[in-house]
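Some notes on the structure that comes next.
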Amino acid sequence: MGTRPRFDLAGRAISLAAQRLLDLPPATDRDVTVERDLRIPTHDGKTLLANHWAPANTNAPTAVIRSPYGRKGPLDWLYGRALAERGLHVLTVSCRGTFGSDGDFRAMRHEREDGLSVLDWLARQPWAGDVVLTGSSYLGYTQWAVAAEAPVRVRAMVPHVTSSRLALAFLRPDRIEMETLLGWSVSTATQERPFTLLRTALGFGRKRVEEAMRTLPLTEADMAAIGRRWPFYQDCVHHDQDDPFWKNEDHSPSVGDVTVPVSSIAGWYDIFLADQLDDFKKLRAAGREAHLTVGPWWHGHVGGMRAVLRDTVGWAADHARGATPNKPAVRLFVMGVDEWHDFTEWPPDGYEPTPWYLARNGRIAGSPHEAAPPSSFTYDPADPTPSLGGPKLENRGAGPVDNRELEARPDVLTFTSDVLDADVEVIGEVRAEVWLEADRPSCDLFVRLCDVDGRGKSLNICDDLVKVRPDGVTQVTVDLSPTAHVFRRGHRIRVQVSAGAFPRFARNLGDGGPIHTAKELCTTNVRIFHDEDHPSAIFLPQR
């Protein structure tokens, strides 16, 4: 038997504030109840703890959220009460080893088996209707972990800012997304300490983590940050995404087998964007019902949270009630003009890669110059090129920011077009091909696309970094994160080229050895070629 939440007046006030902040549909009934600390048995004899929020109308679909972040606070308000007030049963389950659930928390490791155990238990509950899976980030990964084997009562999924392989997205060979990996490891390692939310909001411990990101070798950074080994961090620095170690945690190979309708909510500045678009393409290629929404959001942006909650109580709940809701296949927010456009596929048809060539004197030209000396810079890992804006796990400093301070550094090259005499619409996948030479056995190449307005403000649109092992003058391909953006008439297109973005990416020390054991700092001299024989360019998808 559920009980009404304690301090209900406060709860209702929070509920009304969340409704206004997130522009949610009005509550159908605020007289909801909650039953806490339900015990769910797993396949191997462990017990997971869960809360059940119930609407007044008990004949309702059930939203399942599985999370490592606890069952109180923001999760309770946003996914528990808010969804129940809009006509859904809600089951919020703490992942193994977190907030009272049995076992040890090893991120990603038990989510398939534990998720299927939860769905099996749920099928035996008299109050449970047809099921929708929903949630953001890790909560989205727990959906993918069971999606290919989900029972027929699972009617829809709404994964938000997530990936079917989650952390593997950060673990390309010899390239570690340090800020996200260490930051999330510290967060999950310390989240059950008293007053964690308050300490995080006040920035306690932030300086120690920032200093720990400079620790060498990288295998010691968790010790520097929290004073002990954290198993997930150690797994990640020792095993890249191609390692069979991750076989059971990588659910991307089974995405095409998922028959549950999926509505993916992504952001142009999200850390999982490329992976989430790949998951969508696999579903479409397999002929599944799949929808994609991409907004001008980063990982923790309130706009993305608004979209996932609205889709859960609307599109997903309608599926669970037996309806066939109408929804565009692809809905994209086009930045620059700030408009939503609907398409039938991703990438949209009709956009072809158009080269914009890097040229002498920091210019962008319509064709490569016949003869032009290379541009050069020196990368020093002791004073690494900083990361600025763009995709970040935390909200602070994420998204589009003014890049002028970064572009003034001597280790950042910029190439800028003439003032545009007409709008340039860019929608799709962005690629750069850069010819470089370096005097160390390895270096990184970071390429960023920016929009420069009439006052000179340079806003980052998309970017990425790749590891390079130069062999003389070497052609390097960088797949920047996809985008939808209009460069307005009177603006200019700018391309940044550098050899790092720290702490977002771990520093390349230039010694050519494994990134996680390297300790010796070596400066690297880099030359970027842009002539007829070496036509460095960025390719923008245009009509």
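Within each chain, counting starts at residue 1; across the structure tokens, chains are named A, B, ... in the order shown, with ligands numbered 1 upward in that order.
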> Can you tell me, as a PyMOL selection string, what residues are no more than 9 Å from Thr58 of chain A when counting only C-alpha atoms, ignoring any on the same chain fewer than 6 positions away?
Replying inline: chain A and resi 87-89+127-129
>> Based on the backbone DSSP call, show me all residues of segment 143-247 of chain A assigned strand (DSSP E), as a ChimeraX atom specification.
In response: /A:154-160
Expected file contents, prior selection, N, CA, C and O atoms, as a PDB file, in the first residue's frame:
```pdb
ATOM      1  N   VAL A 154       6.828  -4.275 -22.905  1.00  0.00           N
ATOM      2  CA  VAL A 154       7.571  -3.027 -23.076  1.00  0.00           C
ATOM      3  C   VAL A 154       7.167  -2.423 -24.410  1.00  0.00           C
ATOM      4  O   VAL A 154       7.461  -2.975 -25.472  1.00  0.00           O
ATOM      5  N   ARG A 155       6.499  -1.288 -24.372  1.00  0.00           N
ATOM      6  CA  ARG A 155       5.866  -0.722 -25.564  1.00  0.00           C
ATOM      7  C   ARG A 155       6.634   0.429 -26.191  1.00  0.00           C
ATOM      8  O   ARG A 155       6.395   0.766 -27.361  1.00  0.00           O
ATOM      9  N   ALA A 156       7.544   1.069 -25.441  1.00  0.00           N
ATOM     10  CA  ALA A 156       8.256   2.225 -25.999  1.00  0.00           C
ATOM     11  C   ALA A 156       9.468   2.529 -25.125  1.00  0.00           C
ATOM     12  O   ALA A 156       9.521   2.171 -23.943  1.00  0.00           O
ATOM     13  N   MET A 157      10.452   3.207 -25.730  1.00  0.00           N
ATOM     14  CA  MET A 157      11.662   3.652 -25.053  1.00  0.00           C
ATOM     15  C   MET A 157      11.917   5.114 -25.365  1.00  0.00           C
ATOM     16  O   MET A 157      11.710   5.546 -26.500  1.00  0.00           O
ATOM     17  N   VAL A 158      12.413   5.859 -24.366  1.00  0.00           N
ATOM     18  CA  VAL A 158      12.802   7.256 -24.584  1.00  0.00           C
ATOM     19  C   VAL A 158      14.196   7.458 -23.991  1.00  0.00           C
ATOM     20  O   VAL A 158      14.352   7.967 -22.880  1.00  0.00           O
ATOM     21  N   PRO A 159      15.245   7.063 -24.716  1.00  0.00           N
ATOM     22  CA  PRO A 159      16.614   7.309 -24.237  1.00  0.00           C
ATOM     23  C   PRO A 159      17.053   8.739 -24.553  1.00  0.00           C
ATOM     24  O   PRO A 159      16.909   9.213 -25.674  1.00  0.00           O
ATOM     25  N   HIS A 160      17.610   9.403 -23.554  1.00  0.00           N
ATOM     26  CA  HIS A 160      17.969  10.818 -23.671  1.00  0.00           C
ATOM     27  C   HIS A 160      19.450  10.982 -23.365  1.00  0.00           C
ATOM     28  O   HIS A 160      19.937  10.470 -22.355  1.00  0.00           O
TER      29      HIS A 160
END
```
> Within 12 Å of Arg106 of chain A, counting only C-alpha atoms, which residues qualify if same-chain residues fewer than 3 places away don't, as a count of residues only?
Replying inline: 20
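The residue that comes closest to Lys467 of chain A, out of A:His251, A:Arg20, A:Arg39, A:Arg172 and on the basis of only C-alpha atoms, is A:Arg172.
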Each segment 125-226 of chain A residue no farther than 9 Å from segment 272-289 of chain A, nearest pair in Å, only C-alpha atoms, as CSV:
```
residue,atom,partner,partner_atom,distance
A:Ser137,CA,A:Phe272,CA,8.5
A:His160,CA,A:Gln276,CA,8.8
A:Val161,CA,A:Phe272,CA,6.0
A:Thr162,CA,A:Phe272,CA,5.6
A:Ser163,CA,A:Gln276,CA,5.4
A:Ser164,CA,A:Asp279,CA,7.1
A:Arg165,CA,A:Asp275,CA,8.1
A:Leu166,CA,A:Phe272,CA,7.7
A:Ala169,CA,A:Asp275,CA,7.0
A:Phe170,CA,A:Phe272,CA,8.9
```
Okay, now the selection with C-alpha atoms, as a CSV table (one decimal), in the first residue's frame?
```csv
chain,number,residue,atom,x,y,z
A,137,SER,CA,22.5,9.4,-19.7
A,160,HIS,CA,18.0,10.8,-23.7
A,161,VAL,CA,21.6,12.0,-24.1
A,162,THR,CA,22.9,8.4,-24.0
A,163,SER,CA,24.5,5.6,-26.0
A,164,SER,CA,24.0,1.8,-26.3
A,165,ARG,CA,27.7,1.5,-25.3
A,166,LEU,CA,27.9,4.5,-22.9
A,169,ALA,CA,32.3,6.4,-26.6
A,170,PHE,CA,35.1,8.1,-24.5
```
>> List as an NGL selection string the protein and nucleic acid residues near Val118 of chain A, meaning an atom at most 12 Å away when only C-alpha atoms are counted, but skip any in the same chain fewer than 5 places from it.
In response: :A and (38-43 or 46-50 or 64-66 or 91-96 or 111-113 or 123-125 or 131 or 133 or 142-143 or 146 or 150-151)
> Any idea what's packed within 12 Å of Ile515 of chain A, counting only C-alpha atoms, ignoring anything in its chain fewer than 2 positions away? Could you give it as a PyMOL selection string?
Replying inline: chain A and resi 171-178+216-219+236-240+442-444+467+505-513+517-521
Residues as selected, C-alpha atoms, written as a tab-separated table (two decimals), in the first residue's frame, can you do that?
```
chain	number	residue	atom	x	y	z
A	171	LEU	CA	37.67	5.32	-24.99
A	172	ARG	CA	39.00	5.39	-28.52
A	173	PRO	CA	42.43	3.75	-28.79
A	174	ASP	CA	45.09	6.07	-27.29
A	175	ARG	CA	42.49	8.81	-26.68
A	176	ILE	CA	40.77	9.30	-23.34
A	177	GLU	CA	38.12	11.91	-22.62
A	178	MET	CA	39.66	12.71	-19.26
A	216	LEU	CA	51.00	11.14	-14.51
A	217	PRO	CA	50.68	8.37	-15.31
A	218	LEU	CA	46.93	8.52	-15.88
A	219	THR	CA	46.51	5.27	-13.96
A	236	CYS	CA	38.61	2.43	-18.65
A	237	VAL	CA	42.25	3.50	-18.66
A	238	HIS	CA	43.42	-0.08	-19.20
A	239	HIS	CA	40.87	-1.16	-21.84
A	240	ASP	CA	39.93	0.92	-24.91
A	442	SER	CA	52.62	10.80	-31.88
A	443	CYS	CA	50.50	13.92	-31.59
A	444	ASP	CA	46.85	14.89	-31.42
A	467	LYS	CA	45.32	10.61	-32.28
A	505	PHE	CA	40.96	15.13	-23.58
A	506	ALA	CA	43.98	13.71	-21.78
A	507	ARG	CA	47.24	15.28	-22.92
A	508	ASN	CA	49.31	13.62	-25.63
A	509	LEU	CA	52.81	13.68	-24.15
A	510	GLY	CA	54.46	13.04	-27.52
A	511	ASP	CA	56.48	9.97	-26.54
A	512	GLY	CA	54.52	7.55	-28.73
A	513	GLY	CA	53.86	5.10	-25.91
A	517	THR	CA	51.44	4.83	-18.73
A	518	ALA	CA	53.20	7.85	-20.30
A	519	LYS	CA	55.07	10.16	-17.89
A	520	GLU	CA	57.67	12.12	-19.89
A	521	LEU	CA	56.49	15.48	-21.28
```
>> For Val294 of chain A, find every residue with an atom within 6 Å (counting only C-alpha atoms), except residues of its own chain fewer than 5 positions away, and show them as JSON, numbers by chain.
In response: {"A": [266, 267, 332]}
For those residues, write C-alpha atoms to a file as a PDB file, in the first residue's frame.
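Below is the file that was written, out18.pdb:
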```pdb
ATOM      1  CA  ALA A 266      19.865  14.259 -28.194  1.00  0.00           C
ATOM      2  CA  GLY A 267      21.694  17.585 -28.057  1.00  0.00           C
ATOM      3  CA  LEU A 332      16.249  19.094 -35.609  1.00  0.00           C
TER       4      LEU A 332
END
```
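Minimum atom-to-atom distance to Val32 of chain A, evaluated using only C-alpha atoms, belongs to A:Val90 out of A:Val90, A:Val430, A:Cys462, A:Ala13.
Every protein, DNA or RNA residue with an atom at most 9 Å from Leu420 of chain A, where only C-alpha atoms count and chain neighbours fewer than 3 positions away do not, is listed here: Ser417, Asp423, Val424, Phe487, Arg488, Arg489, Gly490, His491, Arg492 and Ile493 of chain A.
For the pair atom CA of Thr134 of chain A and atom CA of Arg12 of chain A, the separation is 22.9 Å.
Nearest to Pro374 of chain A of all the residues A:Asp421, A:Glu532, A:Asp471, A:Asp257 is A:Glu532, based on only C-alpha atoms.
We find atom CA of Glu35 of chain A and atom CA of Gln19 of chain A to be spaced 22.8 Å apart.
In this comparison, which uses only C-alpha atoms, the residue of A:Ser387, A:Asp114, A:Pro61, A:Thr354 approaching Gly322 of chain A most closely is A:Pro61.
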> Would you give me, as a PyMOL selection string, the residues in segment 113-303 of chain A that DSSP reads as alpha helix (DSSP H)?
Replying inline: chain A and resi 113-122+138-147+178-190+196-201+206-212+221-226+231-238+273-285+302-303
Okay, now the selection with C-alpha atoms, as a PDB file, in the first residue's frame?
```pdb
ATOM      1  CA  GLU A 113      20.762  -9.227 -16.275  1.00  0.00           C
ATOM      2  CA  ASP A 114      19.496  -6.942 -13.507  1.00  0.00           C
ATOM      3  CA  GLY A 115      17.214  -5.097 -15.911  1.00  0.00           C
ATOM      4  CA  LEU A 116      15.621  -8.296 -17.136  1.00  0.00           C
ATOM      5  CA  SER A 117      15.139  -9.358 -13.494  1.00  0.00           C
ATOM      6  CA  VAL A 118      13.316  -6.070 -12.811  1.00  0.00           C
ATOM      7  CA  LEU A 119      11.018  -6.549 -15.811  1.00  0.00           C
ATOM      8  CA  ASP A 120      10.322 -10.148 -14.767  1.00  0.00           C
ATOM      9  CA  TRP A 121       9.387  -9.001 -11.242  1.00  0.00           C
ATOM     10  CA  LEU A 122       7.265  -6.170 -12.611  1.00  0.00           C
ATOM     11  CA  TYR A 138      23.210   6.242 -17.576  1.00  0.00           C
ATOM     12  CA  LEU A 139      19.438   5.846 -17.204  1.00  0.00           C
ATOM     13  CA  GLY A 140      19.279   5.662 -21.000  1.00  0.00           C
ATOM     14  CA  TYR A 141      22.028   3.038 -21.128  1.00  0.00           C
ATOM     15  CA  THR A 142      20.033   0.827 -18.755  1.00  0.00           C
ATOM     16  CA  GLN A 143      17.258   0.896 -21.376  1.00  0.00           C
ATOM     17  CA  TRP A 144      19.578  -0.242 -24.169  1.00  0.00           C
ATOM     18  CA  ALA A 145      20.938  -3.005 -21.923  1.00  0.00           C
ATOM     19  CA  VAL A 146      17.575  -4.824 -22.028  1.00  0.00           C
ATOM     20  CA  ALA A 147      16.032  -3.452 -25.218  1.00  0.00           C
ATOM     21  CA  MET A 178      39.662  12.714 -19.260  1.00  0.00           C
ATOM     22  CA  GLU A 179      37.295  15.364 -17.953  1.00  0.00           C
ATOM     23  CA  THR A 180      34.243  13.166 -18.389  1.00  0.00           C
ATOM     24  CA  LEU A 181      35.865   9.904 -17.285  1.00  0.00           C
ATOM     25  CA  LEU A 182      37.536  11.143 -14.115  1.00  0.00           C
ATOM     26  CA  GLY A 183      34.745  13.555 -13.251  1.00  0.00           C
ATOM     27  CA  TRP A 184      32.067  10.847 -13.469  1.00  0.00           C
ATOM     28  CA  SER A 185      34.253   8.339 -11.630  1.00  0.00           C
ATOM     29  CA  VAL A 186      34.734  10.759  -8.737  1.00  0.00           C
ATOM     30  CA  SER A 187      31.037  11.603  -8.717  1.00  0.00           C
ATOM     31  CA  THR A 188      29.883   7.982  -8.503  1.00  0.00           C
ATOM     32  CA  ALA A 189      32.614   7.066  -6.017  1.00  0.00           C
ATOM     33  CA  THR A 190      31.571   9.805  -3.582  1.00  0.00           C
ATOM     34  CA  THR A 196      26.877  15.403  -1.617  1.00  0.00           C
ATOM     35  CA  LEU A 197      24.451  17.565  -3.612  1.00  0.00           C
ATOM     36  CA  LEU A 198      25.254  20.618  -1.521  1.00  0.00           C
ATOM     37  CA  ARG A 199      28.994  19.996  -1.669  1.00  0.00           C
ATOM     38  CA  THR A 200      28.835  19.602  -5.443  1.00  0.00           C
ATOM     39  CA  ALA A 201      26.779  22.769  -5.874  1.00  0.00           C
ATOM     40  CA  ARG A 206      36.498  20.555  -7.721  1.00  0.00           C
ATOM     41  CA  LYS A 207      40.041  21.917  -7.424  1.00  0.00           C
ATOM     42  CA  ARG A 208      41.381  18.540  -6.314  1.00  0.00           C
ATOM     43  CA  VAL A 209      39.786  16.803  -9.301  1.00  0.00           C
ATOM     44  CA  GLU A 210      41.125  19.428 -11.709  1.00  0.00           C
ATOM     45  CA  GLU A 211      44.632  18.926 -10.322  1.00  0.00           C
ATOM     46  CA  ALA A 212      44.214  15.150 -10.469  1.00  0.00           C
ATOM     47  CA  ALA A 221      44.555   9.974 -11.278  1.00  0.00           C
ATOM     48  CA  ASP A 222      41.816   8.283  -9.244  1.00  0.00           C
ATOM     49  CA  MET A 223      44.216   7.964  -6.305  1.00  0.00           C
ATOM     50  CA  ALA A 224      45.004  11.677  -6.607  1.00  0.00           C
ATOM     51  CA  ALA A 225      41.321  12.616  -6.768  1.00  0.00           C
ATOM     52  CA  ILE A 226      39.729  10.397  -4.106  1.00  0.00           C
ATOM     53  CA  PRO A 231      37.391   0.052 -10.382  1.00  0.00           C
ATOM     54  CA  PHE A 232      35.497   1.630 -13.259  1.00  0.00           C
ATOM     55  CA  TYR A 233      38.177   4.261 -13.835  1.00  0.00           C
ATOM     56  CA  GLN A 234      40.872   1.591 -13.851  1.00  0.00           C
ATOM     57  CA  ASP A 235      38.840  -0.515 -16.287  1.00  0.00           C
ATOM     58  CA  CYS A 236      38.609   2.431 -18.650  1.00  0.00           C
ATOM     59  CA  VAL A 237      42.250   3.503 -18.657  1.00  0.00           C
ATOM     60  CA  HIS A 238      43.421  -0.080 -19.200  1.00  0.00           C
ATOM     61  CA  LEU A 273      25.717  12.844 -29.794  1.00  0.00           C
ATOM     62  CA  ALA A 274      27.641  10.843 -32.410  1.00  0.00           C
ATOM     63  CA  ASP A 275      26.833   7.526 -30.722  1.00  0.00           C
ATOM     64  CA  GLN A 276      23.166   8.409 -30.347  1.00  0.00           C
ATOM     65  CA  LEU A 277      22.900   9.257 -34.046  1.00  0.00           C
ATOM     66  CA  ASP A 278      24.569   5.939 -34.887  1.00  0.00           C
ATOM     67  CA  ASP A 279      22.018   4.083 -32.750  1.00  0.00           C
ATOM     68  CA  PHE A 280      19.197   5.857 -34.581  1.00  0.00           C
ATOM     69  CA  LYS A 281      20.663   4.970 -37.982  1.00  0.00           C
ATOM     70  CA  LYS A 282      20.934   1.293 -37.015  1.00  0.00           C
ATOM     71  CA  LEU A 283      17.286   1.207 -35.987  1.00  0.00           C
ATOM     72  CA  ARG A 284      16.184   2.827 -39.245  1.00  0.00           C
ATOM     73  CA  ALA A 285      18.366   0.525 -41.327  1.00  0.00           C
ATOM     74  CA  VAL A 302      16.987  21.777 -18.997  1.00  0.00           C
ATOM     75  CA  GLY A 303      15.620  21.774 -22.560  1.00  0.00           C
TER      76      GLY A 303
END
```
